[in-house]
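Presented below is the structure to which this report refers.
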Amino acid sequence: MTPLAMIHLDIADLDRIEAAGVTAYPDECCGLLIGHDIDDGGIEVVRVAMSENVEPGDRRSRFEIDPRLLIALRRDLRGARDRIVGHYHSHPDHPARPSAHDAERAWEPEMVWLITAVIGGEAVETTAHVLEDGGGGFRQIGLQITGKAPGG
């Protein structure tokens, strides 16, 4: 199996993710990415499902996706072409790179980790990552933004 190298995300979904990060600031936002494999060996995200951050501890440096959302999506997507392909979260006042805590919690190598850096309440960068084979940390992958910017 060829390692995943690219994820495709519509500009409107990127805008929604970054806006969620700004709204949640100084806490982390989170949600799920729904999509499917495409011919270029990448993944196309077709929908973003926003979640409440239900982390019981410090939401400024941790996130937990609402398990009710996860269960409902898995049920709704059963037998469909689309599936949960990853999740997103924000890093308030930290880089758009997986943290040590992210690495501790990562266990699904097929899932994309989309991370938005929100610095001083402003979304400044979004990057995509996957677990390295063998669990040796994360590897950044390409993030191809599709569609047109509003007014563009």
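Chains: A, B, ... in order of the structure tokens. Residues: from 1 per chain. Ligands: from 1, in order shown.
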Q. Within 6 Å of range 112-115 of chain A, counting only C-alpha atoms, which residues qualify if same-chain residues fewer than 4 places away don't, as a VMD selection string?
A. chain A and resid 86 to 90 96 126 to 130
Q. Got a sec: who's within 8 Å of range 28-38 of chain A, counting only C-alpha atoms, leaving out chain neighbours fewer than 3 positions off, as an MDAnalysis selection string?
A. chainID A and resid 20:21 24:25 41:53 59:65 81:92
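CA of Arg105 in chain A sits 27.1 Å away from CA of Asp10 in chain A.
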Q | Option closest in space to Val54 in chain A, from A:Ala149, A:Asp27, A:Glu18, A:Pro109 [counting only C-alpha atoms] | A |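 The closest residue to Val54 in chain A is A:Asp27.
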Q.
Please extract the residues of range 4-150 of chain A with a backbone DSSP assignment of helix (DSSP H, G or I) and present them as number ranges by chain.
A. A: 11-24, 67-77, 100-105, 133-135
Q. Which residues come within 12 Å of Ala100 in chain A, counting only C-alpha atoms, excluding same-chain residues fewer than 2 positions away, as a PyMOL selection string?
A. chain A and resi 61-62+97-98+102-106+137-138
Using N, CA and C atoms, can you export the residues from the last selection as a compact mmCIF listing (two decimals), in the first residue's frame?
# COMPACT_ATOMS: atom_id res chain seq x y z
N SER A 61 -5.16 22.83 25.85
CA SER A 61 -4.07 22.03 25.27
C SER A 61 -4.49 20.59 24.99
N ARG A 62 -5.79 20.32 25.06
CA ARG A 62 -6.29 18.96 24.82
C ARG A 62 -7.64 19.04 24.11
N ARG A 97 1.59 21.78 14.31
CA ARG A 97 2.35 20.53 14.28
C ARG A 97 1.86 19.64 15.40
N PRO A 98 1.86 18.33 15.22
CA PRO A 98 1.42 17.45 16.30
C PRO A 98 2.26 17.65 17.56
N ASP A 102 -0.49 14.79 21.31
CA ASP A 102 -1.11 14.20 20.12
C ASP A 102 -0.48 12.85 19.81
N ALA A 103 0.84 12.79 19.87
CA ALA A 103 1.55 11.54 19.58
C ALA A 103 1.18 10.43 20.55
N GLU A 104 0.97 10.79 21.81
CA GLU A 104 0.57 9.80 22.81
C GLU A 104 -0.81 9.21 22.52
N ARG A 105 -1.69 10.02 21.94
CA ARG A 105 -3.07 9.61 21.72
C ARG A 105 -3.32 9.03 20.33
N ALA A 106 -2.36 9.12 19.45
CA ALA A 106 -2.54 8.65 18.07
C ALA A 106 -2.35 7.14 17.99
N GLY A 137 6.09 8.40 15.21
CA GLY A 137 5.79 9.82 15.15
C GLY A 137 4.93 10.15 13.94
N PHE A 138 4.88 11.42 13.61
CA PHE A 138 4.04 11.89 12.53
C PHE A 138 4.87 12.28 11.31
(Q) One number please: CA of Ala72 in chain A to CA of Met6 in chain A, in Å, one decimal. (A) 26.9 Å
Q: Using DSSP on the backbone coordinates, identify all residues within range 2-113 of chain A classified as strand (DSSP E); present the result as a ChimeraX atom specification.
A: /A:6-10,30-37,43-51,83-92,112-113
Q. Do you have the CA of Asp93 in chain A-CA of Val118 in chain A distance handy?
A. 5.7 Å
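Candidate residues A:Leu73, A:Asp133, A:Leu143, A:Thr23 were compared for distance to Ile7 in chain A, and the nearest is A:Leu143, using only C-alpha atoms.
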